[in-house]
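Q: Please find entry.txt (compact mmCIF, C-alpha atoms) on the next line:
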# COMPACT_ATOMS: atom_id res chain seq x y z
CA MET A 1 63.46 134.10 98.20
CA LEU A 2 60.63 131.75 99.19
CA LEU A 3 60.41 133.28 102.65
CA ALA A 4 60.44 136.80 101.23
CA GLY A 5 57.76 135.86 98.69
CA ALA A 6 55.60 134.32 101.43
CA ALA A 7 55.95 137.49 103.54
CA ALA A 8 55.00 139.67 100.56
CA LEU A 9 51.98 137.46 99.93
CA VAL A 10 50.80 137.77 103.54
CA LEU A 11 51.17 141.56 103.45
CA SER A 12 49.26 141.78 100.17
CA ILE A 13 46.40 139.68 101.53
CA LEU A 14 46.19 141.81 104.67
CA ALA A 15 46.14 145.00 102.59
CA SER A 16 43.35 143.62 100.40
CA VAL A 17 41.28 142.48 103.37
CA LEU A 18 41.53 145.82 105.17
CA GLY A 19 40.33 147.65 102.04
CA GLY A 20 40.25 151.38 101.63
CA GLY A 21 43.49 153.12 100.81
CA SER A 22 45.49 150.21 102.16
CA SER A 23 44.24 147.99 99.33
CA GLN A 24 46.32 150.02 96.89
CA ALA A 25 49.38 149.27 99.04
CA ALA A 26 49.02 145.53 98.32
CA VAL A 27 51.43 145.86 95.41
CA LEU A 28 54.11 147.56 97.48
CA PRO A 29 55.58 144.36 99.06
CA TRP A 30 56.01 142.87 95.60
CA ALA A 31 57.63 146.01 94.28
CA LEU A 32 59.98 146.05 97.24
CA LEU A 33 60.81 142.36 96.73
CA ALA A 34 61.52 142.96 93.05
CA LEU A 35 63.78 145.89 93.93
CA VAL A 36 65.73 143.84 96.51
CA ALA A 37 66.02 140.92 94.07
CA ALA A 38 67.36 143.21 91.35
CA ALA A 39 69.87 144.69 93.79
CA ASP A 40 70.92 141.17 94.88
CA LEU A 41 71.48 140.14 91.29
CA GLY A 42 73.46 143.30 90.61
CA LEU A 43 75.70 142.72 93.59
CA SER A 44 76.19 139.03 92.80
CA LEU A 45 76.93 139.15 89.09
CA SER A 46 80.50 138.27 88.20
CA ARG A 47 82.59 137.54 85.20
CA ARG A 48 82.58 134.16 83.49
CA LYS A 49 84.13 131.38 85.53
CA VAL A 50 87.27 129.76 84.07
CA LEU A 51 88.22 126.26 85.19
CA SER A 52 91.70 124.76 85.16
CA PHE A 53 92.69 121.36 86.55
CA ASP A 54 95.68 119.17 87.26
CA VAL A 55 95.50 115.37 87.54
CA ALA A 56 97.86 112.50 86.81
CA PRO A 57 97.08 111.12 83.33
CA GLU A 58 97.63 107.54 84.50
CA VAL A 59 96.91 105.85 87.82
CA SER A 60 97.18 102.24 88.97
CA ILE A 61 93.96 100.51 89.88
CA GLY A 62 93.22 100.54 93.60
CA GLU A 63 95.31 103.65 94.18
CA THR A 64 94.20 107.16 95.11
CA VAL A 65 95.04 110.17 92.99
CA ALA A 66 94.65 113.90 93.75
CA LEU A 67 92.52 115.98 91.40
CA ARG A 68 93.27 119.70 91.76
CA LEU A 69 90.70 122.24 90.53
CA ASP A 70 91.23 125.99 90.13
CA VAL A 71 88.30 128.35 89.41
CA SER A 72 88.84 132.02 88.58
CA ASN A 73 86.33 134.80 89.34
CA ALA A 74 85.01 132.62 92.15
CA PRO A 75 82.60 133.94 94.82
CA ALA A 76 82.84 133.13 98.50
CA ALA A 77 81.58 129.78 99.88
CA LEU A 78 81.87 128.08 96.50
CA ARG A 79 80.99 124.38 96.29
CA GLY A 80 81.30 121.87 93.47
CA ARG A 81 79.94 118.54 92.31
CA LEU A 82 81.33 116.05 89.82
CA ASP A 83 79.59 113.28 87.89
CA TRP A 84 82.06 110.46 88.55
CA PRO A 85 82.43 107.75 85.90
CA ASP A 86 82.19 104.05 86.78
CA GLY A 87 85.95 103.60 86.97
CA VAL A 88 86.72 106.44 89.40
CA ARG A 89 85.13 107.17 92.77
CA GLY A 90 85.23 110.38 94.74
CA PRO A 91 83.15 112.60 97.05
CA ALA A 92 79.69 113.57 95.83
CA ASP A 93 80.30 117.27 96.54
CA PHE A 94 83.13 119.31 97.92
CA ALA A 95 84.03 122.84 98.99
CA PHE A 96 86.50 125.23 97.38
CA ASP A 97 89.01 127.17 99.43
CA PRO A 98 89.93 130.77 98.60
CA ALA A 99 93.31 130.90 96.90
CA GLY A 100 94.18 134.19 98.60
CA GLU A 101 95.77 135.74 95.55
CA GLY A 102 94.47 137.96 92.79
CA ASP A 103 91.30 138.87 94.70
CA GLU A 104 89.01 141.23 92.87
CA PRO A 105 86.65 143.92 94.22
CA GLY A 106 83.38 142.50 95.46
CA GLY A 107 84.87 139.30 96.86
CA GLN A 108 85.61 137.70 93.48
CA GLY A 109 88.92 135.90 93.25
CA ARG A 110 90.33 132.40 92.79
CA ALA A 111 89.18 129.25 94.53
CA ARG A 112 90.92 125.91 94.67
CA ALA A 113 89.95 122.40 95.69
CA THR A 114 91.92 119.16 96.02
CA ILE A 115 89.79 116.04 95.66
CA LEU A 116 91.06 112.54 96.40
CA CYS A 117 89.59 110.02 93.97
CA ARG A 118 90.14 106.25 93.85
CA ALA A 119 90.56 104.18 90.69
CA VAL A 120 88.29 101.10 90.79
CA ARG A 121 88.02 99.98 87.13
CA ARG A 122 90.55 99.63 84.35
CA GLY A 123 90.05 101.79 81.27
CA VAL A 124 90.09 105.41 80.14
CA TRP A 125 87.57 107.49 82.08
CA SER A 126 86.56 111.07 81.34
CA LEU A 127 85.21 113.78 83.61
CA ASP A 128 82.97 115.84 81.34
CA HIS A 129 81.39 118.51 83.52
CA LEU A 130 81.82 120.31 86.83
CA TRP A 131 78.76 121.74 88.58
CA LEU A 132 79.35 124.83 90.73
CA PHE A 133 77.09 126.09 93.48
CA TRP A 134 76.99 129.35 95.40
CA ARG A 135 74.45 131.78 96.86
CA SER A 136 73.95 135.42 96.04
CA ARG A 137 75.03 138.20 98.38
CA LEU A 138 71.60 138.53 99.99
CA THR A 139 70.99 134.76 99.71
CA LEU A 140 67.90 135.25 97.56
CA PHE A 141 69.28 133.25 94.62
CA GLU A 142 71.33 130.10 94.09
CA PHE A 143 73.62 129.90 91.09
CA ILE A 144 74.35 126.43 89.63
CA PRO A 145 76.36 126.82 86.42
CA ARG A 146 77.97 123.88 84.59
CA LEU A 147 81.54 124.16 83.36
CA SER A 148 83.06 121.95 80.69
CA PHE A 149 85.76 119.73 82.15
CA GLY A 150 87.28 117.33 79.64
CA ALA A 151 89.77 115.61 81.98
CA GLU A 152 90.78 112.02 81.26
CA ILE A 153 92.16 109.49 83.73
CA ARG A 154 93.66 106.26 82.43
CA VAL A 155 93.37 103.45 84.99
CA VAL A 156 95.91 100.68 84.41
CA ALA A 157 96.95 97.50 86.17
CA ASN A 158 99.02 97.95 89.31
CA VAL A 159 102.72 97.31 88.73
CA ARG A 160 104.12 99.26 91.68
CA GLN A 161 105.88 96.22 93.12
CA VAL A 162 107.62 95.63 89.81
CA GLN A 163 108.67 99.25 89.44
CA SER A 164 109.91 99.49 93.03
CA GLY A 165 112.34 96.58 92.55
CA GLU A 166 110.88 94.62 95.46
CA ILE A 167 110.16 91.53 93.35
CA THR A 168 113.50 91.70 91.57
CA THR A 169 115.37 91.76 94.89
CA THR A 170 113.34 88.84 96.26
CA VAL A 171 113.80 86.62 93.20
CA VAL A 172 117.49 87.35 92.68
CA SER A 173 118.36 86.80 96.32
CA THR A 174 116.34 83.57 96.44
CA LEU A 175 117.42 81.96 93.17
CA PHE A 176 120.93 83.28 92.71
CA GLY A 177 122.10 84.26 96.18
CA VAL A 178 124.56 87.02 96.91
CA LYS A 179 126.95 85.70 94.28
CA GLU A 180 126.05 84.80 90.74
CA ASN A 181 127.35 81.18 90.99
CA ARG A 182 124.93 78.52 92.17
CA ALA A 183 125.73 76.42 95.24
CA ILE A 184 126.91 72.91 94.45
CA GLY A 185 124.24 70.24 94.62
CA GLU A 186 121.26 72.51 93.89
CA GLY A 187 119.26 72.15 90.74
CA SER A 188 119.47 69.59 87.98
CA GLU A 189 121.20 71.40 85.11
CA PHE A 190 124.97 70.91 84.68
CA HIS A 191 126.91 74.14 85.08
CA GLN A 192 130.62 73.38 85.29
CA LEU A 193 133.35 71.17 86.75
CA ARG A 194 135.60 72.33 89.56
CA ASP A 195 138.28 70.84 91.78
CA PHE A 196 136.99 68.90 94.72
CA VAL A 197 138.00 70.39 98.06
CA PRO A 198 137.43 69.12 101.62
CA GLY A 199 133.96 70.03 102.87
CA MET A 200 132.19 69.46 99.57
CA ASP A 201 129.57 66.73 99.21
CA VAL A 202 131.16 63.47 98.06
CA LYS A 203 128.08 62.76 95.93
CA THR A 204 129.05 65.61 93.60
CA ILE A 205 132.30 63.92 92.50
CA ASP A 206 132.41 63.09 88.78
CA TRP A 207 134.39 59.84 88.87
CA LYS A 208 134.95 59.56 85.11
CA SER A 209 136.35 63.06 84.82
CA SER A 210 138.38 62.51 87.99
CA ALA A 211 139.88 59.35 86.45
CA ARG A 212 140.89 61.16 83.29
CA ARG A 213 142.46 64.04 85.20
CA ARG A 214 143.83 61.83 87.98
CA SER A 215 142.44 64.24 90.55
CA LEU A 216 139.07 64.59 92.18
CA VAL A 217 136.64 66.79 90.22
CA ALA A 218 133.12 67.78 91.34
CA LYS A 219 130.08 68.72 89.30
CA GLU A 220 128.46 72.07 89.90
CA LEU A 221 124.73 72.12 89.16
CA ARG A 222 122.22 74.90 88.96
CA ALA A 223 118.49 75.18 88.60
CA GLU A 224 117.23 74.69 85.08
CA ARG A 225 115.98 77.84 83.37
CA ASN A 226 113.86 78.59 80.32
CA HIS A 227 110.75 76.93 81.73
CA HIS A 228 107.38 77.85 80.25
CA VAL A 229 105.08 79.74 82.60
CA ILE A 230 101.48 80.35 81.45
CA ILE A 231 99.28 82.96 83.15
CA ALA A 232 95.65 81.79 82.70
CA LEU A 233 93.00 84.36 83.67
CA ASP A 234 89.34 83.50 84.06
CA THR A 235 87.39 86.65 83.11
CA GLY A 236 83.87 85.27 83.71
CA PHE A 237 81.15 86.94 85.73
CA LEU A 238 82.30 85.46 89.06
CA MET A 239 85.55 87.42 88.71
CA ARG A 240 83.54 90.66 88.55
CA GLU A 241 82.60 90.36 92.22
CA GLU A 242 84.15 93.10 94.31
CA VAL A 243 86.52 92.10 97.10
CA ALA A 244 88.31 94.73 99.19
CA GLY A 245 86.93 97.48 96.98
CA LEU A 246 88.07 96.05 93.61
CA PRO A 247 86.81 93.33 91.25
CA LYS A 248 88.52 89.97 91.69
CA ILE A 249 89.81 90.10 88.12
CA ASP A 250 91.82 93.23 88.92
CA HIS A 251 93.37 91.67 92.02
CA ALA A 252 94.21 88.68 89.81
CA VAL A 253 95.80 90.88 87.13
CA THR A 254 97.99 92.60 89.73
CA ALA A 255 99.21 89.27 91.12
CA ALA A 256 99.65 87.86 87.60
CA LEU A 257 101.86 90.74 86.47
CA ALA A 258 103.98 90.51 89.61
CA THR A 259 104.45 86.75 89.17
CA ALA A 260 105.21 87.17 85.47
CA TRP A 261 107.97 89.62 86.33
CA ALA A 262 109.36 87.18 88.91
CA ALA A 263 109.40 84.44 86.25
CA ILE A 264 111.17 86.71 83.77
CA ILE A 265 113.80 87.61 86.36
CA GLY A 266 114.18 83.90 87.07
CA GLY A 267 115.02 83.22 83.42
CA ASP A 268 111.70 81.63 82.40
CA LEU A 269 109.44 82.27 79.42
CA VAL A 270 106.03 83.76 80.17
CA GLY A 271 102.83 83.20 78.19
CA TYR A 272 99.26 84.45 78.58
CA TYR A 273 95.78 82.95 78.26
CA ALA A 274 92.39 84.60 78.90
CA TYR A 275 89.03 82.86 78.71
CA ASP A 276 85.40 83.07 79.79
CA VAL A 277 82.55 81.42 77.91
CA ARG A 278 85.16 80.50 75.29
CA PRO A 279 88.92 80.99 74.84
CA ARG A 280 89.72 84.64 74.14
CA THR A 281 93.44 85.38 73.92
CA PHE A 282 96.52 83.21 73.86
CA ALA A 283 100.10 84.47 73.67
CA ALA A 284 102.91 81.94 73.39
CA PRO A 285 105.62 82.00 76.10
CA GLN A 286 108.28 84.62 75.50
CA ALA A 287 111.43 85.63 77.37
CA GLY A 288 112.73 89.01 78.46
CA ARG A 289 111.18 92.35 79.28
CA ALA A 290 109.24 92.32 76.01
CA ALA A 291 107.14 89.48 77.44
CA PHE A 292 106.18 91.61 80.43
CA ALA A 293 105.33 94.61 78.25
CA ARG A 294 103.15 92.40 76.07
CA LEU A 295 101.42 90.87 79.09
CA ARG A 296 100.72 94.29 80.59
CA SER A 297 99.22 95.47 77.31
CA LEU A 298 97.02 92.39 76.99
CA THR A 299 95.69 92.59 80.54
CA ALA A 300 94.90 96.29 80.09
CA ASP A 301 92.39 95.33 77.39
CA LEU A 302 90.53 92.80 79.55
CA SER A 303 86.82 93.60 79.77
CA TYR A 304 84.42 92.95 82.63
CA VAL A 305 82.39 90.01 81.34
CA SER A 306 78.89 89.08 82.53
CA ARG A 307 78.92 85.54 81.10
CA GLU A 308 79.55 82.25 82.87
CA THR A 309 82.92 80.57 82.32
CA ASN A 310 83.21 77.35 80.31
CA HIS A 311 86.13 75.68 82.09
CA MET A 312 86.00 72.46 80.09
CA LEU A 313 86.38 74.21 76.73
CA ALA A 314 88.99 76.64 78.04
CA MET A 315 91.25 74.05 79.71
CA THR A 316 90.98 71.65 76.75
CA GLU A 317 92.10 74.43 74.42
CA LEU A 318 94.96 75.39 76.75
CA ASN A 319 96.10 71.77 77.00
CA ALA A 320 96.21 71.53 73.21
CA ARG A 321 98.20 74.77 72.88
CA THR A 322 100.89 73.81 75.42
CA PRO A 323 102.47 70.49 74.37
CA LYS A 324 105.60 71.11 76.46
CA ARG A 325 105.39 70.63 80.21
CA SER A 326 104.78 74.06 81.72
CA LEU A 327 103.87 75.80 84.93
CA ILE A 328 100.27 76.99 84.49
CA ILE A 329 98.93 79.54 86.98
CA VAL A 330 95.11 79.57 86.87
CA PHE A 331 93.23 82.53 88.37
CA THR A 332 89.57 81.64 88.77
CA ASP A 333 86.69 81.40 91.23
CA PHE A 334 83.75 79.13 92.06
CA VAL A 335 80.63 79.24 94.19
CA ASP A 336 80.25 75.79 95.76
CA THR A 337 81.33 72.18 95.40
CA THR A 338 78.57 71.44 92.89
CA SER A 339 79.60 74.18 90.49
CA ALA A 340 83.26 73.23 90.98
CA GLU A 341 82.86 69.58 89.93
CA LEU A 342 83.55 70.24 86.26
CA LEU A 343 86.35 72.64 87.17
CA ILE A 344 88.08 69.98 89.30
CA GLU A 345 87.78 67.45 86.50
CA THR A 346 89.34 69.73 83.88
CA ILE A 347 92.11 70.87 86.24
CA GLY A 348 92.87 67.23 87.01
CA ILE A 349 93.31 66.44 83.30
CA LEU A 350 95.62 69.42 82.91
CA ALA A 351 97.65 68.43 86.00
CA ARG A 352 98.65 65.10 84.42
CA ARG A 353 100.99 66.88 82.02
CA HIS A 354 101.73 70.25 83.62
CA ALA A 355 102.56 71.74 87.00
CA LEU A 356 99.61 73.82 88.20
CA ILE A 357 99.04 76.62 90.67
CA PHE A 358 95.36 77.23 91.42
CA VAL A 359 94.75 80.78 92.68
CA THR A 360 91.56 81.97 94.39
CA LEU A 361 90.80 85.04 96.48
CA ARG A 362 89.32 85.02 99.94
CA ASP A 363 86.61 87.49 100.85
CA PRO A 364 87.59 89.34 104.06
CA GLU A 365 83.93 90.27 104.69
CA THR A 366 82.86 86.60 104.63
CA GLU A 367 85.63 85.67 107.04
CA ALA A 368 84.65 88.55 109.30
CA LEU A 369 81.10 87.16 109.51
CA VAL A 370 82.43 83.85 110.81
CA GLU A 371 84.72 85.52 113.35
CA THR A 372 82.00 87.83 114.74
CA ALA A 373 79.59 86.60 117.42
CA PRO A 374 75.95 86.89 116.25
CA ASP A 375 73.45 89.10 118.09
CA THR A 376 70.23 88.36 116.23
CA MET A 377 68.70 85.44 114.36
CA GLN A 378 69.56 87.13 111.08
CA ASP A 379 73.20 87.29 112.18
CA VAL A 380 73.05 83.58 113.01
CA ALA A 381 71.72 82.77 109.53
CA MET A 382 74.46 84.85 107.92
CA LEU A 383 77.13 83.16 110.04
CA VAL A 384 75.90 79.69 109.06
CA ALA A 385 75.82 80.60 105.36
CA ALA A 386 79.32 82.12 105.51
CA ASP A 387 80.73 79.11 107.37
CA GLN A 388 79.19 76.72 104.84
CA SER A 389 80.68 78.71 101.97
CA ILE A 390 84.16 78.64 103.52
CA SER A 391 83.89 74.91 104.26
CA GLU A 392 82.88 74.09 100.68
CA ARG A 393 85.77 76.12 99.30
CA ARG A 394 88.13 74.26 101.60
CA LEU A 395 86.82 70.92 100.33
CA VAL A 396 87.47 71.94 96.72
CA HIS A 397 91.00 73.07 97.58
CA GLU A 398 91.72 69.77 99.36
CA ARG A 399 90.55 67.78 96.34
CA LEU A 400 92.78 69.82 94.05
CA ALA A 401 95.75 69.36 96.39
CA ARG A 402 95.27 65.58 96.22
CA LEU A 403 95.57 65.87 92.44
CA GLY A 404 99.02 67.42 92.85
CA VAL A 405 97.88 71.00 92.28
CA THR A 406 99.47 73.78 94.33
CA VAL A 407 96.63 75.83 95.83
CA VAL A 408 97.05 79.50 96.72
CA ASP A 409 94.00 80.81 98.57
CA ALA A 410 94.69 84.18 100.14
CA ARG A 411 93.28 87.60 100.79
CA PRO A 412 93.78 90.20 98.05
CA ASP A 413 96.55 92.01 99.94
CA HIS A 414 98.47 88.74 100.53
CA VAL A 415 97.90 86.84 97.29
CA THR A 416 100.88 88.32 95.40
CA ALA A 417 103.43 87.39 98.06
CA ARG A 418 101.93 83.91 98.49
CA LEU A 419 101.91 83.28 94.75
CA ILE A 420 105.51 84.37 94.20
CA SER A 421 106.60 82.19 97.13
CA ALA A 422 104.78 79.22 95.57
CA TYR A 423 106.48 79.87 92.23
CA LEU A 424 109.94 80.07 93.82
CA ASP A 425 109.28 76.89 95.78
CA ILE A 426 108.21 74.99 92.64
CA LYS A 427 111.24 76.29 90.79
CA ALA A 428 113.61 75.33 93.60
CA ARG A 429 112.17 71.81 93.82
CA GLU A 430 112.53 71.35 90.05
CA VAL A 431 108.87 70.36 89.69
CA ILE A 432 108.51 71.85 86.23
Let me see the structure of the file written as structure tokens.
A:
Amino acid sequence: MLLAGAAALVLSILASVLGGGSSQAAVLPWALLALVAAADLGLSLSRRKVLSFDVAPEVSIGETVALRLDVSNAPAALRGRLDWPDGVRGPADFAFDPAGEGDEPGGQGRARATILCRAVRRGVWSLDHLWLFWRSRLTLFEFIPRLSFGAEIRVVANVRQVQSGEITTTVVSTLFGVKENRAIGEGSEFHQLRDFVPGMDVKTIDWKSSARRRSLVAKELRAERNHHVIIALDTGFLMREEVAGLPKIDHAVTAALATAWAAIIGGDLVGYYAYDVRPRTFAAPQAGRAAFARLRSLTADLSYVSRETNHMLAMTELNARTPKRSLIIVFTDFVDTTSAELLIETIGILARRHALIFVTLRDPETEALVETAPDTMQDVAMLVAADQSISERRLVHERLARLGVTVVDARPDHVTARLISAYLDIKAREVI
């Protein structure tokens, strides 16, 4: 349209400059342009567009879901654009493909598009409008209508490992073996007496019972159950930092839910504690699947906080709420050794009474900076800063380990497996 208007303007100026009878012809290019534009509009007009969509109502954070769009009365070469909410990411614009069915005269038919979008924030996110874009038949006009959308996507914590049975298989095979009975000599809780047979450990003989029965009898022990396991989640602003495409708090929630399920399968009671600038939520340890359902519901309501965490207040409150010796799994983060001083002190106080697992997440991008040879002075500066950050984190972890705290420092894709292994090891060693 701009090119045609420019050409009409040039012709009009030439007609005016030449004068005479040609000056009256100056209006002809504009009349011709108006006629062509009217014809283009007439050829391009179509019935109202109707949008239908199909998307999963619920998706786990970090996963990709397919959004399918179907537009009726669609012209050729149709494109679309969506205003993505903060919790869902997808392509800025995309093309529709002809459906190939129900085509109408004039090229109008159905068009479909499948868009892959990734969930990056927990919550309920709505897609309000879809912008369509296409050109007229003679490419003089561009049509950009807006269609009401109204789709909702609920992004929840990732519990795929729990649903798949992977964790259940790991815990049952590790704690209980192929058979339900525990092997003699493991654990500290009395299970039953049985006849002593050659090959059994002599230390398992119960001499008093053997004297009463006048035959050798051995004790069978098993690991103690019904321990208290507390999931403590730091929701401060440091946990909002994105690692591997997701905030640290969401990686922590995924690992926490997986470990909670492992503890429930192992016969323990699971509790929950969330804190930032002050204690937020505390749920007393509870057994069974109801504990997992409650924990999943509580973590779904966690908000992304922009305030600094008060570790002293939070750990003091947790220590007061858990008089019985428990296994406390703390998910948190720190910047350097200076900011971690108070954190180490409070964790040390808590470790005097309870067994602790301290969980932090490594940043793959920071580690990649250290492993990559620098090319410029800026790269050298970044390498030095990254190496200093990793060294300071290692110093904090070593200090915590000397206090008797089990440290799990792993990448987001490895933290769940490492944490469950640490829990099973603590349970097998009867540390709780």
Q: Determine, counting all atoms listed in the file, which protein, DNA and RNA residues have an atom within 9 Å of an atom of range 296-312 of chain A; residues of the same chain fewer than 2 positions away are not included. Present the result as JSON, numbers by chain.
A: {"A": [122, 123, 155, 156, 157, 159, 234, 235, 236, 237, 238, 239, 240, 247, 249, 253, 257, 272, 274, 275, 276, 277, 278, 279, 281, 291, 292, 293, 294, 314, 315, 316, 317, 342, 343, 345, 346, 347]}
Q: Restricting the calculation to only C-alpha atoms: of A:Arg352, A:Arg393, A:Arg146, A:Arg112, which residue gets closest to Leu82 in chain A?
A: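 The shortest atom-to-atom distance to Leu82 in chain A comes from A:Arg146.
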Q: Scan for residues within 12 Å of the point (90.2, 131.2, 80.5) in the coordinates of the file, using all atoms listed in the file, and reply as a PDB file with C-alpha atoms, in the coordinates of the input.
A:
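Output below, filename result.pdb:
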ATOM      1  CA  ARG A  47      82.590 137.540  85.200  1.00  0.00           C
ATOM      2  CA  ARG A  48      82.580 134.160  83.490  1.00  0.00           C
ATOM      3  CA  LYS A  49      84.130 131.380  85.530  1.00  0.00           C
ATOM      4  CA  VAL A  50      87.270 129.760  84.070  1.00  0.00           C
ATOM      5  CA  LEU A  51      88.220 126.260  85.190  1.00  0.00           C
ATOM      6  CA  SER A  52      91.700 124.760  85.160  1.00  0.00           C
ATOM      7  CA  PHE A  53      92.690 121.360  86.550  1.00  0.00           C
ATOM      8  CA  ASP A  70      91.230 125.990  90.130  1.00  0.00           C
ATOM      9  CA  VAL A  71      88.300 128.350  89.410  1.00  0.00           C
ATOM     10  CA  SER A  72      88.840 132.020  88.580  1.00  0.00           C
ATOM     11  CA  ASN A  73      86.330 134.800  89.340  1.00  0.00           C
ATOM     12  CA  LEU A 147      81.540 124.160  83.360  1.00  0.00           C
ATOM     13  CA  SER A 148      83.060 121.950  80.690  1.00  0.00           C
TER      14      SER A 148
END
Q: From the list A:Leu28, A:Leu269, A:Thr259, A:Ala355, which residue is nearest Arg429 in chain A when using only C-alpha atoms?
A: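 Distance minimum relative to Arg429 in chain A lands on A:Ala355.
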Q: Could you state the separation of CA of Pro98 in chain A and CA of Arg110 in chain A in Å, given to one decimal place?
A: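 For CA of Pro98 in chain A relative to CA of Arg110 in chain A, the distance reads 6.0 Å.
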Q: Can you pull out the residues contacting range 58-62 of chain A? Cut-off 10 Å, using only C-alpha atoms, and skip same-chain residues under 6 positions away; I want them as a VMD selection string.
A: chain A and resid 87 to 88 118 to 124 152 to 160 244 to 247 250 to 251 254
Q: Quick one: range 191-207 of chain A with N, CA and C atoms, as a CSV table (one decimal), in the frame of the given file?
A:
chain,number,residue,atom,x,y,z
A,191,HIS,N,126.4,72.8,85.3
A,191,HIS,CA,126.9,74.1,85.1
A,191,HIS,C,128.4,74.1,84.7
A,192,GLN,N,129.2,73.4,85.6
A,192,GLN,CA,130.6,73.4,85.3
A,192,GLN,C,131.3,72.3,86.2
A,193,LEU,N,132.5,72.0,85.9
A,193,LEU,CA,133.4,71.2,86.8
A,193,LEU,C,134.3,72.0,87.5
A,194,ARG,N,134.6,71.6,88.8
A,194,ARG,CA,135.6,72.3,89.6
A,194,ARG,C,136.3,71.3,90.5
A,195,ASP,N,137.5,71.7,90.9
A,195,ASP,CA,138.3,70.8,91.8
A,195,ASP,C,137.5,70.5,93.1
A,196,PHE,N,137.6,69.3,93.5
A,196,PHE,CA,137.0,68.9,94.7
A,196,PHE,C,137.9,69.3,95.9
A,197,VAL,N,137.3,70.0,96.9
A,197,VAL,CA,138.0,70.4,98.1
A,197,VAL,C,137.3,69.8,99.3
A,198,PRO,N,138.0,69.6,100.4
A,198,PRO,CA,137.4,69.1,101.6
A,198,PRO,C,136.2,70.0,102.0
A,199,GLY,N,135.2,69.3,102.5
A,199,GLY,CA,134.0,70.0,102.9
A,199,GLY,C,132.9,69.9,101.9
A,200,MET,N,133.2,69.6,100.6
A,200,MET,CA,132.2,69.5,99.6
A,200,MET,C,131.5,68.1,99.7
A,201,ASP,N,130.3,68.0,99.2
A,201,ASP,CA,129.6,66.7,99.2
A,201,ASP,C,130.2,65.7,98.3
A,202,VAL,N,130.5,64.5,98.8
A,202,VAL,CA,131.2,63.5,98.1
A,202,VAL,C,130.3,63.0,96.9
A,203,LYS,N,129.0,63.2,97.0
A,203,LYS,CA,128.1,62.8,95.9
A,203,LYS,C,128.3,63.6,94.7
A,204,THR,N,128.9,64.8,94.8
A,204,THR,CA,129.0,65.6,93.6
A,204,THR,C,130.3,65.2,92.8
A,205,ILE,N,131.1,64.3,93.2
A,205,ILE,CA,132.3,63.9,92.5
A,205,ILE,C,131.9,63.3,91.2
A,206,ASP,N,132.5,63.7,90.1
A,206,ASP,CA,132.4,63.1,88.8
A,206,ASP,C,133.6,62.1,88.6
A,207,TRP,N,133.3,60.8,88.8
A,207,TRP,CA,134.4,59.8,88.9
A,207,TRP,C,135.1,59.6,87.5
